[in-house]
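Remarks on the structure that follows.
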Amino acid sequence: MNLRVVGVYREPEFSPGKIGADAAIIDEVLAHLRVAGAGTETMTAARFSADPPNHVDLVIAMCQGAPALSQLASMNETGALTINSALAIRNCYRDLLAAGLMRAGVPIPDGALVPTSLPLDLKPLRALNLSAPIYVKRGNLHALAPDDVRRVQDPEQLADALRHFARRGIDLVYVQQEVAGPVVKFYGVGEEYFCAIPEDGQPLNDSVELTLERAARTAAATLGLEIWGGDAIVNGQLCTIIDFNDWPSFEPVRTPGAVAIARRCLRLLHRHPLARSLAVH
């Protein structure tokens, strides 16, 4: 099999506290692909943007910055299979994520995008209870620092949080109603793999896990993701997705996750009409 695969690491600024874990899942996937006969190499997002490789069949990409996503889109247009695609990664920015999940009919908390500029306009938050706990999150990217997500409990704290983000130069936030209940982290790979891990250690019953899996797969398909994960609140039989990510670190399930990702890559390459090497099993 004459197959060339490039793995692109996530930019350090988009990987707070997770640089090693994010790199480890890429490295483990590439190790499985080498066993399958592929030639592999890794690149930083900066190098990928400035000096992209040629004659590549597959790019497995954790990058999230605009320069790397632009290059990823260009490589896709010229025939490389890109997992995840630039469009799918961009769909997970918070300014697009909630709208995408709503269109898919995925259960999510009430929320809205709000500018932080003065005078404050809270009309988009009419559906929220501003006197109950609310999360205020930076509206473009996922959290990159502890202050990128703030929990507030009344309109005064909300206004203070909006001013806080404005002072930091963040002009758009996503305001989301808090949902009570235990958090469940979940991980998925196309149709190959799904795993849900309750943070309280209490196992989910089969019916609830199936409900969460269906909602997560619907979300991933709508966003265009092949490799994905996120957080949900499970309360009784109800599952509410509170966050969704392109290619998380899979840290608690790295070994089975890497196997599933490699298998999915090979299966998609076999179907890919423009791949140079289709002798993949």
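Residue numbering restarts at 1 in every chain; chains get A, B, ... in the order shown in the structure tokens, and ligands count up from 1 in that same order.
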Using only C-alpha atoms, what table do you get, as JSON lines, when you list each residue of stretch 33-62 of chain A with an atom no more than 7 Å from stretch 77-83 of chain A, its nearest pair of atoms, and their distance in Å rounded to one decimal, rows by chain then rising number?
{"residue": "A:Val56", "atom": "CA", "partner": "A:Ala80", "partner_atom": "CA", "distance": 6.0}
{"residue": "A:Asp57", "atom": "CA", "partner": "A:Ala80", "partner_atom": "CA", "distance": 4.9}
{"residue": "A:Leu58", "atom": "CA", "partner": "A:Leu81", "partner_atom": "CA", "distance": 4.7}
{"residue": "A:Val59", "atom": "CA", "partner": "A:Thr82", "partner_atom": "CA", "distance": 4.8}
{"residue": "A:Ile60", "atom": "CA", "partner": "A:Ile83", "partner_atom": "CA", "distance": 4.9}
{"residue": "A:Ala61", "atom": "CA", "partner": "A:Ile83", "partner_atom": "CA", "distance": 6.0}
Taking N, CA, C and O atoms for each residue, export the selection above as a short mmCIF file (atom, residue, chain, number, x, y, z; two decimals), in the first residue's frame.
data_model
loop_
_atom_site.label_atom_id
_atom_site.label_comp_id
_atom_site.auth_asym_id
_atom_site.auth_seq_id
_atom_site.Cartn_x
_atom_site.Cartn_y
_atom_site.Cartn_z
N VAL A 56 -0.20 14.05 -0.77
CA VAL A 56 -0.69 13.43 0.46
C VAL A 56 -2.06 12.82 0.21
O VAL A 56 -2.92 13.42 -0.44
N ASP A 57 -2.26 11.60 0.69
CA ASP A 57 -3.56 10.96 0.57
C ASP A 57 -4.51 11.34 1.71
O ASP A 57 -5.71 11.49 1.49
N LEU A 58 -3.95 11.47 2.91
CA LEU A 58 -4.79 11.69 4.08
C LEU A 58 -4.10 12.66 5.02
O LEU A 58 -2.92 12.53 5.32
N VAL A 59 -4.87 13.65 5.49
CA VAL A 59 -4.41 14.55 6.55
C VAL A 59 -5.32 14.33 7.75
O VAL A 59 -6.54 14.51 7.64
N ILE A 60 -4.75 13.90 8.87
CA ILE A 60 -5.52 13.83 10.10
C ILE A 60 -5.14 15.06 10.92
O ILE A 60 -3.98 15.27 11.26
N ALA A 61 -6.15 15.90 11.17
CA ALA A 61 -5.85 17.26 11.62
C ALA A 61 -6.57 17.61 12.90
O ALA A 61 -7.79 17.49 12.99
#
Report task. Among the residues of stretch 130-212 of chain A, find those DSSP assigns to strand (DSSP E or B) from the backbone and print them as an MDAnalysis selection string. Result -> chainID A and resid 134:138 149:152 172:177 183:189 193:198
Requested in this report: List the neighbours of A:Ala220 out to 10 Å using only C-alpha atoms; skip same-chain residues closer than 3 positions along the sequence, and give me the result as a PyMOL selection string.
Outcome: chain A and resi 88+92+100-101+104+188-190+214-217+223-229+244-246
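Between A:Arg103 and the candidates A:Thr211, A:Leu269, A:Ala219, A:Ala166, the tightest atom-to-atom separation, counting only C-alpha atoms, involves A:Ala219.
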Requested in this report: Would you list the contacts of A:Tyr193 as a PyMOL selection string, taking every protein, DNA or RNA residue within 9 Å and counting only C-alpha atoms, but skipping same-chain residues closer than 2 positions in sequence?
Outcome: chain A and resi 187-191+195+256-257+260-261
Report as an mmCIF file with N, CA, C and O atoms, in the first residue's frame all protein, DNA and RNA residues lying within 6 Å of A:Thr42, evaluated on only C-alpha atoms, omitting residues in the same chain fewer than 5 positions from it.
data_model
loop_
_atom_site.group_PDB
_atom_site.id
_atom_site.type_symbol
_atom_site.label_atom_id
_atom_site.label_comp_id
_atom_site.auth_asym_id
_atom_site.auth_seq_id
_atom_site.Cartn_x
_atom_site.Cartn_y
_atom_site.Cartn_z
ATOM 1 N N VAL A 6 -0.348 12.467 6.725
ATOM 2 C CA VAL A 6 0.247 13.530 7.527
ATOM 3 C C VAL A 6 -0.666 13.819 8.715
ATOM 4 O O VAL A 6 -1.879 13.991 8.554
ATOM 5 N N GLY A 7 -0.082 13.858 9.902
ATOM 6 C CA GLY A 7 -0.811 14.252 11.093
ATOM 7 C C GLY A 7 -0.433 15.671 11.486
ATOM 8 O O GLY A 7 0.758 15.997 11.570
ATOM 9 N N VAL A 8 -1.423 16.522 11.701
ATOM 10 C CA VAL A 8 -1.187 17.927 12.052
ATOM 11 C C VAL A 8 -1.600 18.132 13.503
ATOM 12 O O VAL A 8 -2.775 17.947 13.864
#
